[in-house]
Structures are given as C-alpha cells and as structure tokens.
Amino acid sequence: MNLFTDIRALVIVSLEAMTSEGLLPEGLDFRNVAVEPPRDAAHGDMATNAAMVLAKPAKMKPRDIADALAQKLVADDRVELAEVAGPGFLNLRLSSALWRGVVIETLNKGTAFGRSAMGQGTKVNVEYVSANPTGPLHVGHTRGAVFGDALAGLLDYAGYDVTREYYINDGGAQVDVLARSVYLRYLEAHGQEVAFPDGTYPGDYLIDVGQALKKKVGDAYVGKAEDVWLQDIREFATEAMMDLIRADLKALNVTMDVFYSEKSLYGTGRIEAAIGELDAKGLIYEGTLEPPKGKLPEDWEAREQTLFKSTDHGDDVDRPVKKSDGSWTYFAPDIAYHYDKVDRGFDHLIDVFGADHGGYVKRMKAAVSALSDGKVSIDIKLCQLVKLFKNGEPFKMSKRAGTFVTLRDVVEQVGPDVTRFVMLTRKNDAPLDFDFSKVLEQSKDNPVFYVQYAHARVNSILRKAAEAGVAVDDASLVGADLQLLSHEAELGVAKKLAEWPRLVEIAARTNEPHRVAFYLYELASDFHSLYHLGKNTPELRALQESDATTSQAKIALARAVAVVISAGLGILGVTPVEEMR
RNA sequence: GCACCCGUAGCUCAGCUGGAUAGAGUACCUGACUACGAAUCAGGGGGUCAGAGGUUCGAAUCCUCUCGGGUGCACCA
C-alpha cells in the first residue's frame with residue numbers, strides 16, 4: 001500500500017470525470033500530475049500540482065481547474081479538506097482514519113510493509129566489489145561492497161528479481177604477479193632469503209599462502225624455472241585469495257549469489273563468440289586509433305588493431321579488443337562477461353565501480369547496448385573514493401608504512417553494522433570522509449546509534465508494558481482501538497510511516513539506497529520527539545497506568561515504528577538491536 | 001586538451017521524475033532527568049544554493065558558458 005499512489009489515482013479518476021463532464025478538454029496528458037508530501041506540514045497532508053500542470057494545455061486558469069478538482073476530491077471519504085493555495089497547488093487534508101490504517105497495516109504485514117511490486121519481477125543483475133584476487137579487500141572496496149549489497153537489498157524489496165554477483169579478475173597479468181609473489185613466499189617458507197622487487201606484492205598476507213603451498217607440494221618447485229610452476233601457483237594463489245576475500249565479505253555480511261571467473265571465459269570460445277556477435281553486427285574492424293588529444297604519451301605510436309566501433313553506441317572513441325600482438329585486451333573478456341549476463345536473461349544490469357573506473361562507463365554501456373540490440377539496459381554506479389581520517393587528520397594508506405587499512409581492520413574494530421550504515425549516509429557519487437577515530441568512538445555523532453536507539457527504545461517500552469500486564473504481541477496490538485490515537489504528534493508519526501512505501505519506490509527507482517538511511521534517521525527523530533513530549537504531556541506516554549486499552553493503542557504506534565526501522569535496516573544489511581549496551 | 005563526477009549554513013551533508021518561506025547533523029548560545037532509557041528532547045542565531053546567461057506559471061534541480069575541486073584518458077587490469 002502506498003497512500004500517495006492511492007490518492008494520485010483518486011486525482012486522476014477525478015480529472016477523467018471532469019473531462020467527461022466537459023470541465024476539461026479531451027486528450028490531456030496526466031503523466032506529470034503528482035501527489036507529494038508538502039514541504040510544510042501546515043499546508044496539509046498531501047499536495048497536488050494538477051492544476052498548474054494542466055493549466056497551459058487546457059488553456060484554463062489554474063485556479064479554475066483547482067476549484068473544480070477540489071469539489072470532486074472532497075466527495076471521497078478519505079479527503080477531508082481540499083484547498084487551493086499559492087500559484088495553484090491543491091492542498092489536501094486526509095482523514096485521520098487513513099493514518100491509523102497505516103499503523104494497522106504495518107503491524108499486519110510486519111517488515112513486508114513497504115515492499116513494492118514496482119519491479120514486477122524484472123531480472124536485475126547487480127555486480128559489485130569485483131576486486132582483483134590479489135589481496136585482502138581494503139577500505140576502498142568496503143564502500144562498493146556496502147553500496148552494492150544495499151542496492152541489491154533495496155531492489156529486492158521493491159519487487160525485482162535480484163542476482164548479486166562478483167566478477168573475479170583472475171585472467172590477467174596481475175595474477176602472474178600474484179603467483180610470482182607467492183613463489184617468493186614459498187621460497188621463504190623453505191628458509192631462503194628473498195627480496196621483493198618492484199612489480200611484486202610484498203604484503204604479509206601471502207606468507208601463509210607460501211607456507212600452505214610448501215605443505216602441498218613440498219620442495220617440488222624450489223629452484224625450478226617459472227614455466228614449471230607458474231600455472232599451478234596461479235590457481236593455488238587465486239583460490240587462496242578468493243577464500244580471503246569471501247571471508248572479508250562475510251565479515252561485512254555481504255553474500256554473493258554468483259562468483260564469476262574471468263578465466264572461465266578463456267579457451268572456451270566465449271570471448272570469440274561475444275566478439276563474433278559484435279562482428280556480425282558490423283561493429284568490429286581493423287583500424288588505427290587517433291592519438292589522444294592533448295599531451296601525447298611518450299611511447300605512442302600508430303598501430304593497427306582490432307577495434308570495437310563503440311562510437312556507434314555513444315562512446316567517444318572506438319576501443320581496442322585485441323593488443324598489437326593479437327591477444328585479447330582486458331576489455332574483450334569484459335564484453336564476453338556482459339554478453340553472458342545478457343544471455344542469462346537479465347532485463348537490467350547494474351555495475352558498481354570505483355570512481356577511478358569512470359573511464360569505462362561509456363564503453364561498457366556501448367557493449368551492452370550493441371550486444372542486446374538495446375534491449376537490456378545497464379546502469380553503472382560509481383562510488384567515489386573514501387578519504388580516511390584519524391582524529392580529524394588525513395590518513396594516508398601505505399603498504400610500506402604499515403598503515404594499509406583493510407576491510408577487516410575496519411569491521412573488526414567497528415563492527416559490520418556501523419561500517420555499513422556510515423558508508424550509506426552519503427550519496428554514492430559524493431566523496432566520503434571516513435574518520436576512523438570518530439567511528440571507533442561510537443559517539444552520538446554517529447547516526448546509526450541514533451536509529452538503533454529508537455528501535456531499542458521501542459523494545460524497552462514493550463518490555464515495560466509487558467511487565468505491567470499489557471498484551472504487546474503484534475496480534476493483540478492489531479486489535480487495539482486506534483481511535484485513541486488522536487494527538488497531532490501521534491498522527492504525525494503515523495504519517496511518517498505512510499511515507500515509507502513511497503520512499504522505497506523512489507530510492508529503488510533512483511538506485512540510491514542512502515535515501516533509506518536518511519529516512520530512517522528522520523523516522524527515529526520523529527519518534528524520539530514524540531517520546532519526549534510524553535515527559536510534559538502524560539497522556540502522550542505509551543504506557544498509561546491503569547488503562548491497558550489506551551496503552552495498547554500507543555504501543556501499537558511505537559511498535560509500528562520499530563517494524564519500519566527494522567525493515568529499513570534490513571535493506572541496508574544492518575541488524576536492529578533490541579537494547580543498547 | 002577531452003570525458004565523467006562534485007561545488008548548498010563555520011564544518012559534514014540531505015534536498016523526491018522542476019513546486020510553496022532551501023533542510024538536518026555538528027559547532028556555538030539558552031533550557032529539560034523524583035520521569036515509558038538524557039546515546040534523548042525543546043528553542044535561538046547562522047545562506048549570493050560557486051558565478052553568469054537561458055528554458056517556464058515556477059529552477060539548488062533542466063540547457064549553455066565561466067571559475068574551482070576530484071577521477072580517468074591507446075598495445076595495464
């Protein structure tokens with residue numbers, strides 16, 4: 001149930017009636033007619049712009065349309081008052097029975113209140129993290145992981161059929177580097193002195209892998225040439241790294257449905273098939289790219305390559321799919337991977353990248369557009385990088401200085417809930433300042449505690465009420481006499497609850513899970529505020545001594561708040577707590 | 001040089017397919033625990049929405065340009 005779409009439907013029906021009665025000309029387009037919460041509560045409960053939107057095409061004065069529409073609307077039980085205001089807004093005051101109904105419905109549906117059918121089961125693939133399997137995840141990956149996971153949760157809640165996916169970049173040269181680095185650790189495990197030259201990974205996390213390798217193959221590879229061990233160690237090391245990454249994700253409560261290996265695309269004809277598909281559409285050709293404008297790379301030279309005509313699908317320049325030596329570029333398997341997603345029947349693809357990959361957006365969109373003949377849409381969400389701070393001072397990550405901050409460091413110290421919520425209190429395309437000490441303090445600056453506290457507070461009320469002998473299970477609360485909720489502040493909280501289903505749809509449509517976090521903050525704020533009103537206004541207290549009936553009504557409202565907080569936190573992957581400790 | 005993202009209160013940020021007097025937090029000032037949990041609440045001051053044009057009933061929001069910051073720019077992923 002979304003009250004806003006319900007009332008919008010009423011507005012549209014009324015407009016249609018006006019048309020058939022000759023009050024409006026035929027053939028008007030109602031698509032831009034909106035029903036929204038007004039900025040100022042004094043304006044009423046909802047406002048519609050119908051009169052202003054239609055005035056021009058109908059060649060009528062906004063006020064005349066608004067007056068006629070108002071008459072239609074007040075004929076409905078749900079509308080108590082409709083008045084024209086400002087340049088032609090129609091402000092509606094709705095029956096308080098509607099708001100009480102929201103509380104009932106929340107209790108009936110539980111955390112499913114707010115679930116939307118908007119997605120209509122559309123198959124969506126959300127690809128996120130997709131970090132190279134060359135080491136543990138660091139703070140930068142954390143944001144993409146949290147964002148992607150919350151977005152997937154949000155879309156699921158909005159009625160999409162979501163697949164969460166991780167693309168393992170295990171096919172490129174960086175895996176050779178990993179293998180060589182592991183080999184050095186392997187030699188070290190055999191007691192040799194080793195140095196880590198440039199182009200290898202000196203991180204401590206490979207020590208265990210070297211020892212594990214020793215345990216597995218003994219001294220079989222000691223003193224042997226690279227071509228003997230490279231292949232084997234690549235696989236061994238990649239597996240070890242993926243185990244590490246999977247454990248990192250688990251610590252953050254991120255669960256993937258699919259881990260897709262880039263390597264599985266090689267030698268199986270899949271890359272060839274994807275490029276062949278583009279070729280069949282006339283989008284592959286041999287050619288020479290223009291040198292980049294501006295400063296020329298020193299080693300630039302013209303060379304003929306196999307190119308994808310991505311400019312036909314919105315890219316700025318065509319992109320090479322083969323290197324000059326004839327091997328595939330990294331882009332070729334990416335094309336094949338997305339071709340596979342198209343092939344698996346997804347209607348919509350979402351890639352979550354770090355902002356440093358912004359340059360690939362156009363070419364990936366071009367590839368998907370070409371491969372699916374525009375039938376599969378793709379949206380690429382860029383997460384801006386995370387700037388680390390400690391005690392308000394910028395904090396540089398450096399492997400050598402030992403100040404490399406991993407995802408695990410953060411999660412183990414702060415916990416997955418706080419980490420996730422903090423990462424979601426910023427728009428994905430805005431940079432994020434992550435102050436380690438501030439988050440570690442778990443101070444009140446941290447909005448997650450504010451929301452958690454509201455949830456815990458409701459539970460505290462429920463406990464107290466139960467001790468006082470009030471039935472507080474949802475089944476009993478649903479039967480409460482909500483007529484007893486009549487104070488403006490109480491109805492205000494119910495109105496906030498009514499916004500939840502609408503918020504879910506907006507957040508899902510814009511692919512912006514941070515909106516959920518902000519909404520929860522506002523809801524928590526409204527609840528805290530109501531709670532405090534009870535200090536000076538005893539009749540607003542949830543627990544009314546010797547009046548179990550009234551207590552139940554008020555507790556039903558509080559419980560509904562907890563249910564929505566719980567649903568929202570669930571989307572974000574944050575656990576609602578029962579009590580603060 | 002080109003592309004993408006960003007620019008909103010002292011600071012950190014929201015701002016709904018364009019909507020009414022631009023909102024929170026923080027900091028600062030004043031107040032509220034004999035009280036369903038003060039990790040909370042009530043009130044106050046604080047703005048050239050970077051700047052300039054344009055689109056229209058109406059622009060922080062859409063378009064163009066300028067300025068400032070970030071990211072990325074052939075055979076690395």
# chains A, B, ... in the order shown; residues from 1 in each chain; ligands from 1

$ closest_atom_pairs --of "chain B" --to "chain A" --cutoff "9 Å" --atoms "only C-alpha atoms (C1' of nucleotides)" --output "tab-separated table"
residue	atom	partner	partner_atom	distance
B:G1	C1'	A:Gly294	CA	4.1
B:C2	C1'	A:Lys293	CA	6.8
B:A3	C1'	A:Gly359	CA	7.6
B:C4	C1'	A:Gly358	CA	6.2
B:C5	C1'	A:Asp429	CA	6.7
B:C6	C1'	A:Ala430	CA	6.7
B:U12	C1'	A:Asp433	CA	8.6
B:C13	C1'	A:Arg426	CA	7.4
B:A14	C1'	A:Phe518	CA	7.6
B:C16	C1'	A:Ile506	CA	7.0
B:U17	C1'	A:Asn32	CA	8.4
B:G19	C1'	A:Asn49	CA	7.6
B:A20	C1'	A:Gly86	CA	6.2
B:A24	C1'	A:Glu522	CA	8.7
B:G25	C1'	A:Asp445	CA	7.7
B:U26	C1'	A:Asp445	CA	7.6
B:A35	C1'	A:Lys535	CA	6.3
B:C36	C1'	A:Ile461	CA	5.5
B:G37	C1'	A:Arg457	CA	6.7
B:A39	C1'	A:Lys444	CA	5.9
B:U40	C1'	A:His528	CA	6.8
B:C41	C1'	A:His532	CA	5.6
B:C57	C1'	A:Met52	CA	7.2
B:G58	C1'	A:Pro87	CA	8.5
B:G70	C1'	A:Pro431	CA	8.6
B:U71	C1'	A:Asp356	CA	5.4
B:G72	C1'	A:Gly359	CA	5.1
B:C73	C1'	A:Gly359	CA	7.2
B:A74	C1'	A:Pro291	CA	7.0
B:C75	C1'	A:Lys323	CA	4.6
B:C76	C1'	A:Ala173	CA	8.3
B:A77	C1'	A:Tyr330	CA	6.1

$ residues_around --residues "G53 (chain B)" --least-positions-apart "6" --cutoff "12 Å" --atoms "only C-alpha atoms (C1' of nucleotides)" --output "NGL selection string"
:B and (63-66)

$ atom_distance --atom1 "CA of Leu388 (chain A)" --atom2 "CA of Arg143 (chain A)"
12.1 Å

$ residues_around --residues "Glu272 (chain A)" --least-positions-apart "5" --cutoff "10 Å" --atoms "only C-alpha atoms (C1' of nucleotides)" --output "VMD selection string"
chain A and resid 265 to 267 277 to 279 328 332 to 333 336

$ write_last_selection --atoms "all heavy atoms" --output "PDB file, in the first residue's frame"
ATOM      1  N   LEU A 265      36.361 -17.640 -19.123  1.00  0.00           N
ATOM      2  CA  LEU A 265      35.978 -17.166 -20.453  1.00  0.00           C
ATOM      3  C   LEU A 265      37.034 -17.524 -21.498  1.00  0.00           C
ATOM      4  O   LEU A 265      36.760 -17.599 -22.688  1.00  0.00           O
ATOM      5  CB  LEU A 265      35.785 -15.641 -20.438  1.00  0.00           C
ATOM      6  CG  LEU A 265      34.626 -15.126 -19.583  1.00  0.00           C
ATOM      7  CD1 LEU A 265      34.764 -13.630 -19.333  1.00  0.00           C
ATOM      8  CD2 LEU A 265      33.296 -15.428 -20.261  1.00  0.00           C
ATOM      9  N   TYR A 266      38.275 -17.723 -21.001  1.00  0.00           N
ATOM     10  CA  TYR A 266      39.378 -18.013 -21.927  1.00  0.00           C
ATOM     11  C   TYR A 266      39.371 -19.484 -22.336  1.00  0.00           C
ATOM     12  O   TYR A 266      39.077 -20.365 -21.528  1.00  0.00           O
ATOM     13  CB  TYR A 266      40.727 -17.694 -21.270  1.00  0.00           C
ATOM     14  CG  TYR A 266      40.990 -16.216 -21.123  1.00  0.00           C
ATOM     15  CD1 TYR A 266      40.697 -15.559 -19.936  1.00  0.00           C
ATOM     16  CD2 TYR A 266      41.552 -15.489 -22.168  1.00  0.00           C
ATOM     17  CE1 TYR A 266      40.951 -14.189 -19.793  1.00  0.00           C
ATOM     18  CE2 TYR A 266      41.800 -14.126 -22.042  1.00  0.00           C
ATOM     19  CZ  TYR A 266      41.500 -13.486 -20.846  1.00  0.00           C
ATOM     20  OH  TYR A 266      41.745 -12.156 -20.717  1.00  0.00           O
ATOM     21  N   GLY A 267      39.729 -19.685 -23.584  1.00  0.00           N
ATOM     22  CA  GLY A 267      39.900 -21.055 -24.046  1.00  0.00           C
ATOM     23  C   GLY A 267      38.602 -21.824 -24.161  1.00  0.00           C
ATOM     24  O   GLY A 267      38.594 -23.041 -24.322  1.00  0.00           O
ATOM     25  N   GLU A 277      29.723 -11.891 -32.197  1.00  0.00           N
ATOM     26  CA  GLU A 277      28.394 -11.290 -32.192  1.00  0.00           C
ATOM     27  C   GLU A 277      28.467  -9.823 -32.629  1.00  0.00           C
ATOM     28  O   GLU A 277      27.654  -9.345 -33.417  1.00  0.00           O
ATOM     29  CB  GLU A 277      27.803 -11.395 -30.780  1.00  0.00           C
ATOM     30  CG  GLU A 277      26.412 -10.798 -30.603  1.00  0.00           C
ATOM     31  CD  GLU A 277      25.319 -11.606 -31.293  1.00  0.00           C
ATOM     32  OE1 GLU A 277      25.565 -12.789 -31.609  1.00  0.00           O
ATOM     33  OE2 GLU A 277      24.231 -11.034 -31.534  1.00  0.00           O
ATOM     34  N   LEU A 278      29.454  -9.141 -32.098  1.00  0.00           N
ATOM     35  CA  LEU A 278      29.639  -7.734 -32.479  1.00  0.00           C
ATOM     36  C   LEU A 278      30.037  -7.639 -33.952  1.00  0.00           C
ATOM     37  O   LEU A 278      29.586  -6.749 -34.677  1.00  0.00           O
ATOM     38  CB  LEU A 278      30.711  -7.082 -31.596  1.00  0.00           C
ATOM     39  CG  LEU A 278      30.363  -6.909 -30.119  1.00  0.00           C
ATOM     40  CD1 LEU A 278      31.553  -6.328 -29.354  1.00  0.00           C
ATOM     41  CD2 LEU A 278      29.144  -6.015 -29.953  1.00  0.00           C
ATOM     42  N   ASP A 279      30.883  -8.579 -34.350  1.00  0.00           N
ATOM     43  CA  ASP A 279      31.346  -8.592 -35.735  1.00  0.00           C
ATOM     44  C   ASP A 279      30.161  -8.769 -36.678  1.00  0.00           C
ATOM     45  O   ASP A 279      30.054  -8.103 -37.707  1.00  0.00           O
ATOM     46  CB  ASP A 279      32.355  -9.736 -35.923  1.00  0.00           C
ATOM     47  CG  ASP A 279      33.219  -9.527 -37.167  1.00  0.00           C
ATOM     48  OD1 ASP A 279      33.190  -8.397 -37.715  1.00  0.00           O
ATOM     49  OD2 ASP A 279      33.905 -10.477 -37.577  1.00  0.00           O
ATOM     50  N   TRP A 328      43.953 -10.846 -26.508  1.00  0.00           N
ATOM     51  CA  TRP A 328      42.826 -10.017 -26.109  1.00  0.00           C
ATOM     52  C   TRP A 328      43.245  -8.910 -25.152  1.00  0.00           C
ATOM     53  O   TRP A 328      44.111  -9.112 -24.318  1.00  0.00           O
ATOM     54  CB  TRP A 328      41.739 -10.858 -25.410  1.00  0.00           C
ATOM     55  CG  TRP A 328      41.147 -11.943 -26.241  1.00  0.00           C
ATOM     56  CD1 TRP A 328      41.263 -13.281 -26.031  1.00  0.00           C
ATOM     57  CD2 TRP A 328      40.347 -11.784 -27.409  1.00  0.00           C
ATOM     58  NE1 TRP A 328      40.585 -13.975 -26.999  1.00  0.00           N
ATOM     59  CE2 TRP A 328      40.000 -13.073 -27.871  1.00  0.00           C
ATOM     60  CE3 TRP A 328      39.893 -10.681 -28.130  1.00  0.00           C
ATOM     61  CZ2 TRP A 328      39.228 -13.298 -29.003  1.00  0.00           C
ATOM     62  CZ3 TRP A 328      39.113 -10.903 -29.257  1.00  0.00           C
ATOM     63  CH2 TRP A 328      38.786 -12.193 -29.677  1.00  0.00           C
ATOM     64  N   ALA A 332      38.053  -7.235 -23.832  1.00  0.00           N
ATOM     65  CA  ALA A 332      37.392  -8.342 -24.544  1.00  0.00           C
ATOM     66  C   ALA A 332      36.667  -9.299 -23.595  1.00  0.00           C
ATOM     67  O   ALA A 332      35.481  -9.586 -23.796  1.00  0.00           O
ATOM     68  CB  ALA A 332      38.399  -9.083 -25.411  1.00  0.00           C
ATOM     69  N   PRO A 333      37.338  -9.801 -22.547  1.00  0.00           N
ATOM     70  CA  PRO A 333      36.580 -10.643 -21.611  1.00  0.00           C
ATOM     71  C   PRO A 333      35.455  -9.894 -20.893  1.00  0.00           C
ATOM     72  O   PRO A 333      34.432 -10.493 -20.559  1.00  0.00           O
ATOM     73  CB  PRO A 333      37.643 -11.125 -20.614  1.00  0.00           C
ATOM     74  CG  PRO A 333      38.831 -10.264 -20.823  1.00  0.00           C
ATOM     75  CD  PRO A 333      38.779  -9.793 -22.239  1.00  0.00           C
ATOM     76  N   ALA A 336      32.659 -10.193 -23.135  1.00  0.00           N
ATOM     77  CA  ALA A 336      32.133 -11.560 -23.096  1.00  0.00           C
ATOM     78  C   ALA A 336      31.335 -11.796 -21.817  1.00  0.00           C
ATOM     79  O   ALA A 336      30.294 -12.453 -21.823  1.00  0.00           O
ATOM     80  CB  ALA A 336      33.280 -12.562 -23.197  1.00  0.00           C
TER      81      ALA A 336
END

$ atom_distance --atom1 "CA of Glu512 (chain A)" --atom2 "CA of Tyr167 (chain A)"
22.1 Å

$ select_by_dssp --residues "region 252-360 of chain A" --states "strand (DSSP E or B)" --output "VMD selection string"
chain A and resid 258 to 261 284 to 288 304 to 308 319 to 320 322 328 348 to 354

$ atom_distance --atom1 "CA of Leu151 (chain A)" --atom2 "CA of Ile335 (chain A)"
23.5 Å

$ residues_around --residues "Ala237 (chain A)" --least-positions-apart "4" --cutoff "10 Å" --atoms "only C-alpha atoms (C1' of nucleotides)" --output "ChimeraX atom specification"
/A:133-135,175-176,178-183,206,209-210,212-213,232-233,241-243

$ closest_residue --among "B:G7, B:G15, B:A38, B:A27" --to "G51 (chain B)" --atoms "only C-alpha atoms (C1' of nucleotides)"
B:G7

$ decode --residues "region 47-60 of chain A" --atoms "all heavy atoms" --output "PDB file, in the first residue's frame"
ATOM      1  N   ALA A  47      -0.147  17.282  -1.387  1.00  0.00           N
ATOM      2  CA  ALA A  47      -0.417  18.376  -2.313  1.00  0.00           C
ATOM      3  C   ALA A  47      -0.345  17.844  -3.726  1.00  0.00           C
ATOM      4  O   ALA A  47       0.440  16.941  -4.018  1.00  0.00           O
ATOM      5  CB  ALA A  47       0.609  19.483  -2.126  1.00  0.00           C
ATOM      6  N   THR A  48      -1.186  18.390  -4.588  1.00  0.00           N
ATOM      7  CA  THR A  48      -1.086  18.008  -5.997  1.00  0.00           C
ATOM      8  C   THR A  48      -0.886  19.250  -6.861  1.00  0.00           C
ATOM      9  O   THR A  48      -1.426  20.322  -6.583  1.00  0.00           O
ATOM     10  CB  THR A  48      -2.314  17.219  -6.488  1.00  0.00           C
ATOM     11  OG1 THR A  48      -2.137  16.932  -7.879  1.00  0.00           O
ATOM     12  CG2 THR A  48      -3.602  18.010  -6.304  1.00  0.00           C
ATOM     13  N   ASN A  49      -0.077  19.074  -7.893  1.00  0.00           N
ATOM     14  CA  ASN A  49       0.239  20.169  -8.805  1.00  0.00           C
ATOM     15  C   ASN A  49      -0.663  20.133 -10.043  1.00  0.00           C
ATOM     16  O   ASN A  49      -0.409  20.837 -11.014  1.00  0.00           O
ATOM     17  CB  ASN A  49       1.699  20.070  -9.235  1.00  0.00           C
ATOM     18  CG  ASN A  49       1.997  18.756  -9.966  1.00  0.00           C
ATOM     19  OD1 ASN A  49       1.115  17.901 -10.100  1.00  0.00           O
ATOM     20  ND2 ASN A  49       3.205  18.593 -10.429  1.00  0.00           N
ATOM     21  N   ALA A  50      -1.708  19.291  -9.995  1.00  0.00           N
ATOM     22  CA  ALA A  50      -2.515  19.022 -11.189  1.00  0.00           C
ATOM     23  C   ALA A  50      -2.947  20.301 -11.913  1.00  0.00           C
ATOM     24  O   ALA A  50      -2.799  20.411 -13.139  1.00  0.00           O
ATOM     25  CB  ALA A  50      -3.748  18.206 -10.799  1.00  0.00           C
ATOM     26  N   ALA A  51      -3.438  21.267 -11.159  1.00  0.00           N
ATOM     27  CA  ALA A  51      -3.981  22.467 -11.794  1.00  0.00           C
ATOM     28  C   ALA A  51      -2.899  23.236 -12.555  1.00  0.00           C
ATOM     29  O   ALA A  51      -3.126  23.742 -13.645  1.00  0.00           O
ATOM     30  CB  ALA A  51      -4.618  23.359 -10.733  1.00  0.00           C
ATOM     31  N   MET A  52      -1.710  23.276 -11.976  1.00  0.00           N
ATOM     32  CA  MET A  52      -0.634  24.040 -12.624  1.00  0.00           C
ATOM     33  C   MET A  52      -0.109  23.332 -13.856  1.00  0.00           C
ATOM     34  O   MET A  52       0.215  23.942 -14.871  1.00  0.00           O
ATOM     35  CB  MET A  52       0.495  24.272 -11.635  1.00  0.00           C
ATOM     36  CG  MET A  52       0.136  25.324 -10.602  1.00  0.00           C
ATOM     37  SD  MET A  52       1.476  25.626  -9.479  1.00  0.00           S
ATOM     38  CE  MET A  52       1.493  24.078  -8.600  1.00  0.00           C
ATOM     39  N   VAL A  53      -0.042  22.005 -13.758  1.00  0.00           N
ATOM     40  CA  VAL A  53       0.475  21.239 -14.880  1.00  0.00           C
ATOM     41  C   VAL A  53      -0.497  21.306 -16.063  1.00  0.00           C
ATOM     42  O   VAL A  53      -0.087  21.353 -17.219  1.00  0.00           O
ATOM     43  CB  VAL A  53       0.704  19.770 -14.463  1.00  0.00           C
ATOM     44  CG1 VAL A  53       1.004  18.901 -15.660  1.00  0.00           C
ATOM     45  CG2 VAL A  53       1.839  19.691 -13.454  1.00  0.00           C
ATOM     46  N   LEU A  54      -1.802  21.315 -15.748  1.00  0.00           N
ATOM     47  CA  LEU A  54      -2.796  21.218 -16.819  1.00  0.00           C
ATOM     48  C   LEU A  54      -3.263  22.572 -17.337  1.00  0.00           C
ATOM     49  O   LEU A  54      -3.885  22.644 -18.402  1.00  0.00           O
ATOM     50  CB  LEU A  54      -4.005  20.419 -16.315  1.00  0.00           C
ATOM     51  CG  LEU A  54      -3.696  18.980 -15.894  1.00  0.00           C
ATOM     52  CD1 LEU A  54      -4.935  18.313 -15.334  1.00  0.00           C
ATOM     53  CD2 LEU A  54      -3.143  18.174 -17.060  1.00  0.00           C
ATOM     54  N   ALA A  55      -2.953  23.616 -16.608  1.00  0.00           N
ATOM     55  CA  ALA A  55      -3.483  24.937 -16.974  1.00  0.00           C
ATOM     56  C   ALA A  55      -3.140  25.315 -18.408  1.00  0.00           C
ATOM     57  O   ALA A  55      -4.006  25.720 -19.188  1.00  0.00           O
ATOM     58  CB  ALA A  55      -2.945  25.982 -16.011  1.00  0.00           C
ATOM     59  N   LYS A  56      -1.896  25.144 -18.753  1.00  0.00           N
ATOM     60  CA  LYS A  56      -1.471  25.584 -20.074  1.00  0.00           C
ATOM     61  C   LYS A  56      -2.083  24.745 -21.203  1.00  0.00           C
ATOM     62  O   LYS A  56      -2.716  25.303 -22.105  1.00  0.00           O
ATOM     63  CB  LYS A  56       0.049  25.580 -20.159  1.00  0.00           C
ATOM     64  CG  LYS A  56       0.555  26.386 -21.333  1.00  0.00           C
ATOM     65  CD  LYS A  56       2.051  26.553 -21.278  1.00  0.00           C
ATOM     66  CE  LYS A  56       2.525  27.540 -22.327  1.00  0.00           C
ATOM     67  NZ  LYS A  56       3.993  27.681 -22.312  1.00  0.00           N
ATOM     68  N   PRO A  57      -1.908  23.408 -21.175  1.00  0.00           N
ATOM     69  CA  PRO A  57      -2.512  22.613 -22.270  1.00  0.00           C
ATOM     70  C   PRO A  57      -4.033  22.739 -22.314  1.00  0.00           C
ATOM     71  O   PRO A  57      -4.624  22.628 -23.391  1.00  0.00           O
ATOM     72  CB  PRO A  57      -2.065  21.182 -21.959  1.00  0.00           C
ATOM     73  CG  PRO A  57      -1.551  21.197 -20.570  1.00  0.00           C
ATOM     74  CD  PRO A  57      -1.101  22.578 -20.271  1.00  0.00           C
ATOM     75  N   ALA A  58      -4.663  22.965 -21.158  1.00  0.00           N
ATOM     76  CA  ALA A  58      -6.124  23.079 -21.153  1.00  0.00           C
ATOM     77  C   ALA A  58      -6.569  24.495 -21.482  1.00  0.00           C
ATOM     78  O   ALA A  58      -7.764  24.758 -21.650  1.00  0.00           O
ATOM     79  CB  ALA A  58      -6.677  22.675 -19.783  1.00  0.00           C
ATOM     80  N   LYS A  59      -5.607  25.389 -21.548  1.00  0.00           N
ATOM     81  CA  LYS A  59      -5.894  26.807 -21.779  1.00  0.00           C
ATOM     82  C   LYS A  59      -6.910  27.330 -20.767  1.00  0.00           C
ATOM     83  O   LYS A  59      -7.915  27.953 -21.104  1.00  0.00           O
ATOM     84  CB  LYS A  59      -6.402  27.034 -23.208  1.00  0.00           C
ATOM     85  CG  LYS A  59      -5.317  26.754 -24.245  1.00  0.00           C
ATOM     86  CD  LYS A  59      -5.822  26.870 -25.661  1.00  0.00           C
ATOM     87  CE  LYS A  59      -4.700  26.558 -26.649  1.00  0.00           C
ATOM     88  NZ  LYS A  59      -5.186  25.938 -27.882  1.00  0.00           N
ATOM     89  N   MET A  60      -6.658  27.009 -19.522  1.00  0.00           N
ATOM     90  CA  MET A  60      -7.551  27.443 -18.444  1.00  0.00           C
ATOM     91  C   MET A  60      -6.713  28.056 -17.337  1.00  0.00           C
ATOM     92  O   MET A  60      -5.502  27.887 -17.287  1.00  0.00           O
ATOM     93  CB  MET A  60      -8.333  26.247 -17.878  1.00  0.00           C
ATOM     94  CG  MET A  60      -9.311  25.632 -18.869  1.00  0.00           C
ATOM     95  SD  MET A  60     -10.003  24.089 -18.228  1.00  0.00           S
ATOM     96  CE  MET A  60     -10.974  24.670 -16.843  1.00  0.00           C
TER      97      MET A  60
END
